[in-house]
Structure formats: C-alpha cells, structure tokens
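Below is target14.pdb, holding PDB, C-alpha atoms, pLDDT in the B column.
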```pdb
ATOM      1  CA  LEU U   1      42.451  72.328 121.351  1.00 89.00           C
ATOM      2  CA  ILE U   2      40.818  68.966 120.758  1.00 94.00           C
ATOM      3  CA  PHE U   3      42.785  67.387 117.919  1.00 96.00           C
ATOM      4  CA  GLY U   4      45.991  69.477 117.830  1.00 96.00           C
ATOM      5  CA  PRO U   5      47.745  68.040 120.910  1.00 96.00           C
ATOM      6  CA  PRO U   6      46.924  64.401 119.970  1.00 97.00           C
ATOM      7  CA  ALA U   7      48.287  65.072 116.475  1.00 97.00           C
ATOM      8  CA  ILE U   8      51.505  66.417 118.046  1.00 96.00           C
ATOM      9  CA  MET U   9      51.665  63.341 120.325  1.00 96.00           C
ATOM     10  CA  LEU U  10      51.298  61.088 117.270  1.00 96.00           C
ATOM     11  CA  LEU U  11      53.952  63.000 115.329  1.00 96.00           C
ATOM     12  CA  ALA U  12      56.340  62.826 118.302  1.00 95.00           C
ATOM     13  CA  PHE U  13      55.712  59.068 118.613  1.00 95.00           C
ATOM     14  CA  ILE U  14      56.388  58.521 114.896  1.00 95.00           C
ATOM     15  CA  LEU U  15      59.575  60.612 115.003  1.00 93.00           C
ATOM     16  CA  ASP U  16      60.712  58.720 118.086  1.00 92.00           C
ATOM     17  CA  TRP U  17      59.955  55.370 116.445  1.00 93.00           C
ATOM     18  CA  VAL U  18      61.806  56.301 113.242  1.00 93.00           C
ATOM     19  CA  THR U  19      64.862  57.527 115.178  1.00 91.00           C
ATOM     20  CA  LEU U  20      64.789  54.550 117.591  1.00 88.00           C
ATOM     21  CA  GLY U  21      64.006  56.715 120.582  1.00 85.00           C
ATOM     22  CA  THR U  22      66.838  59.177 120.151  1.00 86.00           C
ATOM     23  CA  ILE U  23      64.715  62.343 119.930  1.00 83.00           C
ATOM     24  CA  PHE U  24      61.899  62.300 122.466  1.00 84.00           C
ATOM     25  CA  SER U  25      62.361  59.197 124.626  1.00 87.00           C
ATOM     26  CA  GLU U  26      65.993  59.999 125.276  1.00 88.00           C
ATOM     27  CA  HIS U  27      65.775  63.752 125.838  1.00 91.00           C
ATOM     28  CA  CYS U  28      62.211  64.779 126.731  1.00 93.00           C
ATOM     29  CA  VAL U  29      61.134  62.483 129.562  1.00 94.00           C
ATOM     30  CA  LEU U  30      60.719  63.868 133.049  1.00 95.00           C
ATOM     31  CA  LEU U  31      63.572  62.687 135.290  1.00 95.00           C
ATOM     32  CA  PRO U  32      62.852  63.845 138.853  1.00 97.00           C
ATOM     33  CA  ARG U  33      65.388  66.071 140.576  1.00 97.00           C
ATOM     34  CA  THR U  34      67.870  66.107 137.683  1.00 97.00           C
ATOM     35  CA  PRO U  35      68.876  69.069 135.527  1.00 96.00           C
ATOM     36  CA  GLU U  36      68.308  67.078 132.322  1.00 94.00           C
ATOM     37  CA  GLY U  37      64.809  66.177 133.528  1.00 95.00           C
ATOM     38  CA  ILE U  38      63.654  69.792 133.709  1.00 96.00           C
ATOM     39  CA  ILE U  39      62.726  69.828 130.009  1.00 97.00           C
ATOM     40  CA  GLY U  40      60.418  66.896 130.756  1.00 96.00           C
ATOM     41  CA  ILE U  41      58.249  69.186 132.896  1.00 97.00           C
ATOM     42  CA  PHE U  42      57.073  70.699 129.611  1.00 97.00           C
ATOM     43  CA  LEU U  43      57.659  67.963 127.011  1.00 96.00           C
ATOM     44  CA  SER U  44      57.047  64.624 128.748  1.00 96.00           C
ATOM     45  CA  PRO U  45      53.322  64.699 127.843  1.00 96.00           C
ATOM     46  CA  LEU U  46      54.445  64.197 124.227  1.00 95.00           C
ATOM     47  CA  VAL U  47      56.506  61.062 124.956  1.00 94.00           C
ATOM     48  CA  HIS U  48      54.772  57.664 124.891  1.00 94.00           C
ATOM     49  CA  ALA U  49      56.275  54.229 125.495  1.00 90.00           C
ATOM     50  CA  SER U  50      54.005  52.200 123.206  1.00 93.00           C
ATOM     51  CA  VAL U  51      51.166  52.409 120.717  1.00 95.00           C
ATOM     52  CA  ALA U  52      48.705  51.358 123.450  1.00 93.00           C
ATOM     53  CA  HIS U  53      50.006  54.112 125.747  1.00 92.00           C
ATOM     54  CA  LEU U  54      49.651  56.661 122.932  1.00 96.00           C
ATOM     55  CA  VAL U  55      46.134  55.550 121.945  1.00 95.00           C
ATOM     56  CA  CYS U  56      44.896  55.633 125.558  1.00 92.00           C
ATOM     57  CA  ASN U  57      46.265  59.149 126.013  1.00 94.00           C
ATOM     58  CA  MET U  58      44.843  60.358 122.685  1.00 96.00           C
ATOM     59  CA  TYR U  59      41.400  58.958 123.543  1.00 93.00           C
ATOM     60  CA  GLY U  60      41.494  60.561 126.968  1.00 93.00           C
ATOM     61  CA  TRP U  61      42.665  63.891 125.607  1.00 96.00           C
ATOM     62  CA  ILE U  62      39.987  64.189 122.913  1.00 96.00           C
ATOM     63  CA  GLY U  63      37.033  63.730 125.272  1.00 96.00           C
ATOM     64  CA  LEU U  64      38.436  65.788 128.137  1.00 97.00           C
ATOM     65  CA  ALA U  65      39.612  68.636 125.891  1.00 97.00           C
ATOM     66  CA  ALA U  66      36.194  68.763 124.248  1.00 97.00           C
ATOM     67  CA  ALA U  67      34.587  69.061 127.685  1.00 97.00           C
ATOM     68  CA  LEU U  68      37.112  71.717 128.733  1.00 97.00           C
ATOM     69  CA  GLY U  69      36.441  73.624 125.510  1.00 96.00           C
ATOM     70  CA  LEU U  70      32.911  74.342 126.760  1.00 95.00           C
ATOM     71  CA  TYR U  71      34.503  76.885 129.116  1.00 95.00           C
ATOM     72  CA  GLY U  72      35.996  78.762 126.146  1.00 95.00           C
ATOM     73  CA  VAL U  73      39.121  78.178 124.120  1.00 95.00           C
ATOM     74  CA  ALA U  74      41.163  80.908 125.841  1.00 95.00           C
ATOM     75  CA  GLU U  75      40.197  79.594 129.283  1.00 95.00           C
ATOM     76  CA  ALA U  76      40.981  76.035 128.177  1.00 97.00           C
ATOM     77  CA  TRP U  77      44.512  76.898 127.037  1.00 97.00           C
ATOM     78  CA  LYS U  78      45.214  78.747 130.300  1.00 97.00           C
ATOM     79  CA  VAL U  79      44.039  75.732 132.298  1.00 98.00           C
ATOM     80  CA  ILE U  80      46.107  73.322 130.192  1.00 98.00           C
ATOM     81  CA  GLN U  81      49.232  75.449 130.676  1.00 98.00           C
ATOM     82  CA  GLN U  82      48.706  75.473 134.446  1.00 98.00           C
ATOM     83  CA  LEU U  83      48.143  71.710 134.474  1.00 98.00           C
ATOM     84  CA  VAL U  84      51.216  70.879 132.385  1.00 98.00           C
ATOM     85  CA  ILE U  85      53.545  73.094 134.420  1.00 98.00           C
ATOM     86  CA  GLY U  86      52.003  72.351 137.839  1.00 98.00           C
ATOM     87  CA  THR U  87      51.891  68.590 137.380  1.00 98.00           C
ATOM     88  CA  GLY U  88      55.353  68.479 135.828  1.00 97.00           C
ATOM     89  CA  LEU U  89      56.922  70.552 138.599  1.00 98.00           C
ATOM     90  CA  ILE U  90      55.416  68.486 141.397  1.00 97.00           C
ATOM     91  CA  VAL U  91      56.422  65.191 139.777  1.00 97.00           C
ATOM     92  CA  TRP U  92      59.916  66.576 139.122  1.00 97.00           C
ATOM     93  CA  VAL U  93      60.245  67.486 142.816  1.00 97.00           C
ATOM     94  CA  CYS U  94      58.451  64.497 144.396  1.00 94.00           C
ATOM     95  CA  GLY U  95      58.402  61.665 141.825  1.00 93.00           C
ATOM     96  CA  ARG U  96      60.282  58.401 141.962  1.00 91.00           C
ATOM     97  CA  SER U  97      63.701  58.469 140.301  1.00 92.00           C
ATOM     98  CA  PHE U  98      62.805  56.943 136.963  1.00 90.00           C
ATOM     99  CA  PRO U  99      61.619  58.416 133.648  1.00 92.00           C
ATOM    100  CA  HIS U 100      58.026  59.696 133.649  1.00 93.00           C
ATOM    101  CA  GLU U 101      56.312  60.065 130.290  1.00 93.00           C
ATOM    102  CA  GLY U 102      52.895  60.496 128.717  1.00 94.00           C
ATOM    103  CA  ALA U 103      49.981  62.893 128.915  1.00 95.00           C
ATOM    104  CA  SER U 104      48.050  61.014 131.590  1.00 93.00           C
ATOM    105  CA  GLY U 105      49.161  63.385 134.364  1.00 95.00           C
ATOM    106  CA  VAL U 106      47.671  66.303 132.439  1.00 97.00           C
ATOM    107  CA  GLU U 107      44.554  64.251 131.681  1.00 96.00           C
ATOM    108  CA  PHE U 108      44.079  63.460 135.365  1.00 95.00           C
ATOM    109  CA  GLY U 109      44.504  67.190 135.915  1.00 97.00           C
ATOM    110  CA  LEU U 110      41.678  67.773 133.442  1.00 97.00           C
ATOM    111  CA  ILE U 111      39.516  65.242 135.289  1.00 96.00           C
ATOM    112  CA  GLY U 112      40.233  66.937 138.619  1.00 96.00           C
ATOM    113  CA  PHE U 113      39.594  70.382 137.156  1.00 97.00           C
ATOM    114  CA  LEU U 114      36.339  69.465 135.414  1.00 97.00           C
ATOM    115  CA  LEU U 115      34.938  67.702 138.478  1.00 96.00           C
ATOM    116  CA  ALA U 116      36.002  70.471 140.876  1.00 96.00           C
ATOM    117  CA  VAL U 117      34.559  73.295 138.748  1.00 95.00           C
ATOM    118  CA  ALA U 118      31.087  71.884 139.385  1.00 93.00           C
ATOM    119  CA  TYR U 119      31.785  72.240 143.102  1.00 94.00           C
ATOM    120  CA  TYR U 120      33.378  75.712 143.028  1.00 93.00           C
ATOM    121  CA  GLU U 121      31.409  77.505 140.308  1.00 90.00           C
ATOM    122  CA  ARG U 122      28.692  79.813 141.632  1.00 86.00           C
ATOM    123  CA  PRO U 123      26.140  80.194 140.321  1.00 88.00           C
ATOM    124  CA  LEU U 124      26.420  76.645 139.041  1.00 88.00           C
ATOM    125  CA  GLN U 125      25.995  76.568 135.265  1.00 91.00           C
ATOM    126  CA  LEU U 126      24.152  73.835 133.374  1.00 94.00           C
ATOM    127  CA  ARG U 127      27.353  73.414 131.331  1.00 94.00           C
ATOM    128  CA  SER U 128      29.280  72.422 134.474  1.00 94.00           C
ATOM    129  CA  ILE U 129      26.627  69.900 135.502  1.00 95.00           C
ATOM    130  CA  ALA U 130      26.682  68.312 132.020  1.00 96.00           C
ATOM    131  CA  VAL U 131      30.505  68.193 132.032  1.00 96.00           C
ATOM    132  CA  PHE U 132      30.516  66.690 135.545  1.00 95.00           C
ATOM    133  CA  VAL U 133      28.131  63.905 134.484  1.00 96.00           C
ATOM    134  CA  PHE U 134      30.117  63.282 131.280  1.00 96.00           C
ATOM    135  CA  VAL U 135      33.425  63.021 133.160  1.00 95.00           C
ATOM    136  CA  VAL U 136      32.006  60.768 135.894  1.00 93.00           C
ATOM    137  CA  VAL U 137      30.344  58.409 133.405  1.00 93.00           C
ATOM    138  CA  THR U 138      33.221  58.334 130.926  1.00 93.00           C
ATOM    139  CA  TYR U 139      36.414  58.771 132.945  1.00 90.00           C
ATOM    140  CA  ALA U 140      35.699  57.847 136.588  1.00 81.00           C
ATOM    141  CA  PRO U 141      37.128  54.320 136.148  1.00 81.00           C
ATOM    142  CA  ALA U 142      40.461  55.966 135.296  1.00 80.00           C
ATOM    143  CA  LEU U 143      40.643  57.211 138.886  1.00 74.00           C
ATOM    144  CA  PHE U 144      41.313  53.613 139.933  1.00 73.00           C
ATOM    145  CA  SER U 145      44.535  53.471 137.896  1.00 69.00           C
ATOM    146  CA  PHE U 146      46.831  54.626 140.696  1.00 63.00           C
ATOM    147  CA  PHE U 147      48.993  51.501 140.413  1.00 62.00           C
ATOM    148  CA  PRO U 148      52.654  51.309 141.457  1.00 59.00           C
ATOM    149  CA  PHE U 149      53.739  49.995 138.027  1.00 59.00           C
ATOM    150  CA  MET U 150      52.497  53.151 136.316  1.00 63.00           C
ATOM    151  CA  SER U 151      53.509  56.749 136.826  1.00 65.00           C
ATOM    152  CA  TRP U 152      50.876  57.005 139.509  1.00 84.00           C
ATOM    153  CA  GLU U 153      52.662  60.090 140.843  1.00 88.00           C
ATOM    154  CA  SER U 154      51.683  61.907 137.644  1.00 92.00           C
ATOM    155  CA  HIS U 155      48.095  60.702 137.975  1.00 91.00           C
ATOM    156  CA  ILE U 156      47.708  61.784 141.599  1.00 92.00           C
ATOM    157  CA  CYS U 157      49.659  65.030 141.190  1.00 95.00           C
ATOM    158  CA  GLY U 158      47.719  65.887 138.038  1.00 96.00           C
ATOM    159  CA  PHE U 159      44.383  65.340 139.773  1.00 95.00           C
ATOM    160  CA  ILE U 160      45.416  67.462 142.764  1.00 96.00           C
ATOM    161  CA  VAL U 161      46.739  70.236 140.514  1.00 98.00           C
ATOM    162  CA  GLY U 162      43.473  70.126 138.540  1.00 98.00           C
ATOM    163  CA  VAL U 163      41.430  70.644 141.708  1.00 97.00           C
ATOM    164  CA  ALA U 164      43.778  73.461 142.776  1.00 97.00           C
ATOM    165  CA  VAL U 165      43.488  75.169 139.368  1.00 97.00           C
ATOM    166  CA  ALA U 166      39.680  74.933 139.573  1.00 96.00           C
ATOM    167  CA  PHE U 167      39.817  76.512 143.026  1.00 96.00           C
ATOM    168  CA  GLN U 168      42.158  79.232 141.786  1.00 94.00           C
ATOM    169  CA  ARG U 169      39.972  80.026 138.771  1.00 94.00           C
ATOM    170  CA  TYR U 170      36.449  79.422 140.139  1.00 92.00           C
ATOM    171  CA  GLY U 171      36.769  79.259 143.929  1.00 87.00           C
ATOM    172  CA  VAL U 172      37.395  82.015 146.416  1.00 73.00           C
ATOM    173  CA  VAL U 173      40.598  83.172 144.698  1.00 65.00           C
ATOM    174  CA  GLY U 174      38.858  83.359 141.321  1.00 60.00           C
ATOM    175  CA  LYS U 175      35.914  85.307 142.771  1.00 62.00           C
ATOM    176  CA  TYR U 176      38.289  87.811 144.402  1.00 57.00           C
ATOM    177  CA  ALA U 177      40.063  88.330 141.065  1.00 57.00           C
ATOM    178  CA  GLU U 178      36.694  88.856 139.337  1.00 61.00           C
ATOM    179  CA  PHE U 179      35.733  91.416 141.987  1.00 53.00           C
ATOM    180  CA  LYS U 180      39.002  93.336 141.539  1.00 53.00           C
ATOM    181  CA  LEU U 181      38.569  93.226 137.751  1.00 52.00           C
ATOM    182  CA  SER U 182      34.994  94.514 137.941  1.00 53.00           C
ATOM    183  CA  ILE U 183      36.135  97.391 140.197  1.00 51.00           C
ATOM    184  CA  SER U 184      38.951  98.338 137.835  1.00 52.00           C
ATOM    185  CA  GLN U 185      36.660  98.128 134.782  1.00 53.00           C
ATOM    186  CA  ARG U 186      34.274 100.601 136.394  1.00 49.00           C
ATOM    187  CA  GLY U 187      37.153 103.036 136.736  1.00 49.00           C
ATOM    188  CA  TYR U 188      36.907 103.386 140.493  1.00 44.00           C
ATOM    189  CA  GLY U 189      40.348 102.108 141.321  1.00 43.00           C
ATOM    190  CA  ALA U 190      41.392 102.109 144.965  1.00 42.00           C
ATOM    191  CA  ALA U 191      40.121 105.663 145.530  1.00 42.00           C
ATOM    192  CA  GLY U 192      36.613 104.709 144.393  1.00 37.00           C
ATOM    193  CA  LEU U 193      36.291 102.245 147.254  1.00 36.00           C
ATOM    194  CA  LEU U 194      36.922 104.929 149.904  1.00 36.00           C
TER     195      LEU U 194
END
```
Turn this file's structure into structure tokens for me.
Amino acid sequence: LIFGPPAIMLLAFILDWVTLGTIFSEHCVLLPRTPEGIIGIFLSPLVHASVAHLVCNMYGWIGLAAALGLYGVAEAWKVIQQLVIGTGLIVWVCGRSFPHEGASGVEFGLIGFLLAVAYYERPLQLRSIAVFVFVVVTYAPALFSFFPFMSWESHICGFIVGVAVAFQRYGVVGKYAEFKLSISQRGYGAAGLL
C-alpha cells in the first residue's frame, strides 16, 4: 500500500526511459475523449514526465498512503480504486485535449478524502483528527498548485472525487449501507422490519 505503488511508478519510469518513451509515455497517458486515451484512465498515474515529477508523486504517495492505511488496508485499496477510476473518468470526459499523466490526481483525491472523512465520520475518531492535522500541515500547500501549466484538471477532479468517496463511504450513504448491513447480519431481512 505504501511502497508498492511508488515502486511500480519507478519501474514504469525506468522502462519508459530505457525504451525512449515507447512503452508508457506513448500508450498509457490519458487523452481526453479519445478511444486510445481510455487506457490512461487506469494507467496514467504510472506515467511521469521527469525525475522531478516522479519524485514529487512518490513523496506525496508515501505520506498520504500511510495516512490512508490507518483506516485499514482493505478500505484503503477500495478508496484508491475509486479515486483512480473516478478521477480518470472525469478528466477523460472534461479535461483539456492534451496528454495527462502522473499520480497527482489520485493524490489530490487522497487529500480530499482524508480531509473530508474528518467531517463526515460520526462518531469522530481520534485517528481521523490526527490524519486531518497531518494532511493539513504536510499537504495543504499542494492545494495551491491548480496552475494552468499543470494538469490542474486532474488535481481539482481528484480532490472532488476524494470528497465524494468520503461522503459515499462515511457520510449519509455510508451510514445507510452500514444500517442495511447490520440488519442483514442480524438475520431479520426485510420481513424483520415489519
């Protein structure tokens, strides 16, 4: 969870560098509204344009994934899947017509998710307060990186998707799902409510 994805990002970068960009940069970037860009919804977080881009994304991933891991590894992987697919789909539909690459959209999704959980979670856990403080102190300056020369669409879309995933998992929707699960675990089913 913490070191696996950055290791895959590094391996992808090395393979891309060795093959002069013919593996990942050429085929795995997200190209909005194009059939060939669909694969980028899933794989563009592995593609990085430079060593600096890669290092920034690896640093961001390690801290945010560690914070997310406090909610449990299974929960963390579910959240990451929702962030990758949700952010990628929205950027594919709404993004500017140029290649989008890097894991920063997913990382902004993690920031949005981790901040929003502290708002939605009831009763509020000490874990969520600690994660909120950690994210604000460590990653809040990143929220000011919505610049036109970057893939700011990925940043904004990722953040919004992160808040939506937190709402879905810990807000009203998440509480309704917990209620239905607790009813079904008791064996009442629909007839038990009558």
Item to complete: For the point (40.3, 64.4, 122.9) in the file's frame, write as a list in words all residues with an atom no more than 12 Å away, counting all atoms listed in the file.
Response: Leu1, Ile2, Phe3, Gly4, Pro5, Pro6, Ala7, Met9, Val55, Cys56, Asn57, Met58, Tyr59, Gly60, Trp61, Ile62, Gly63, Leu64, Ala65, Ala66, Ala67, Leu68, Gly69, Ala103, Glu107 and Leu110 of chain U
Selection result for the PyMOL selection byres ((chain U and resi 88-99) around 7) on this file, as a PDB file with C-alpha atoms, in the frame of the given file:
```
ATOM      1  CA  VAL U  29      61.134  62.483 129.562  1.00 94.00           C
ATOM      2  CA  LEU U  30      60.719  63.868 133.049  1.00 95.00           C
ATOM      3  CA  LEU U  31      63.572  62.687 135.290  1.00 95.00           C
ATOM      4  CA  PRO U  32      62.852  63.845 138.853  1.00 97.00           C
ATOM      5  CA  ARG U  33      65.388  66.071 140.576  1.00 97.00           C
ATOM      6  CA  ILE U  41      58.249  69.186 132.896  1.00 97.00           C
ATOM      7  CA  PHE U  42      57.073  70.699 129.611  1.00 97.00           C
ATOM      8  CA  VAL U  84      51.216  70.879 132.385  1.00 98.00           C
ATOM      9  CA  ILE U  85      53.545  73.094 134.420  1.00 98.00           C
ATOM     10  CA  GLY U  86      52.003  72.351 137.839  1.00 98.00           C
ATOM     11  CA  THR U  87      51.891  68.590 137.380  1.00 98.00           C
ATOM     12  CA  HIS U 100      58.026  59.696 133.649  1.00 93.00           C
ATOM     13  CA  GLU U 101      56.312  60.065 130.290  1.00 93.00           C
ATOM     14  CA  GLU U 153      52.662  60.090 140.843  1.00 88.00           C
ATOM     15  CA  SER U 154      51.683  61.907 137.644  1.00 92.00           C
ATOM     16  CA  CYS U 157      49.659  65.030 141.190  1.00 95.00           C
TER      17      CYS U 157
END
```
Item to complete: Run the PyMOL selection byres ((chain U and resi 118) around 12) against the file shown and list the residues it catches, as a ChimeraX atom specification.
Response: /U:71,111-117,119-136,163,166-167,170-171
Worksheet, complete the sentence: If you count all atoms listed in the file, the residue of U:Val51, U:Val18, U:Leu10, U:Ala164 closest to U:Leu83 turns out to be U:Ala164
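The residues returned by the PyMOL selection byres ((chain U and resi 28) around 8) on the shown structure are Ile23, Phe24, Ser25, Glu26, His27, Val29, Leu30, Gly37, Ile39, Gly40, Leu43, Ser44 and Val47 of chain U.
Atom CA of U:Ala49 lies 20.8 Å from atom CA of U:Phe144.
When atom CA of U:Gly102 is paired with atom CA of U:Thr22, their separation reads 16.4 Å.
Note that the spacing between atom CA of U:Gly72 and atom CA of U:Arg169 amounts to 13.3 Å.
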Fill in: Nearest to U:Ile80, chosen from U:Ala12, U:Val161, U:Val172, U:Gly21, with only C-alpha atoms counted in the distances
U:Val161
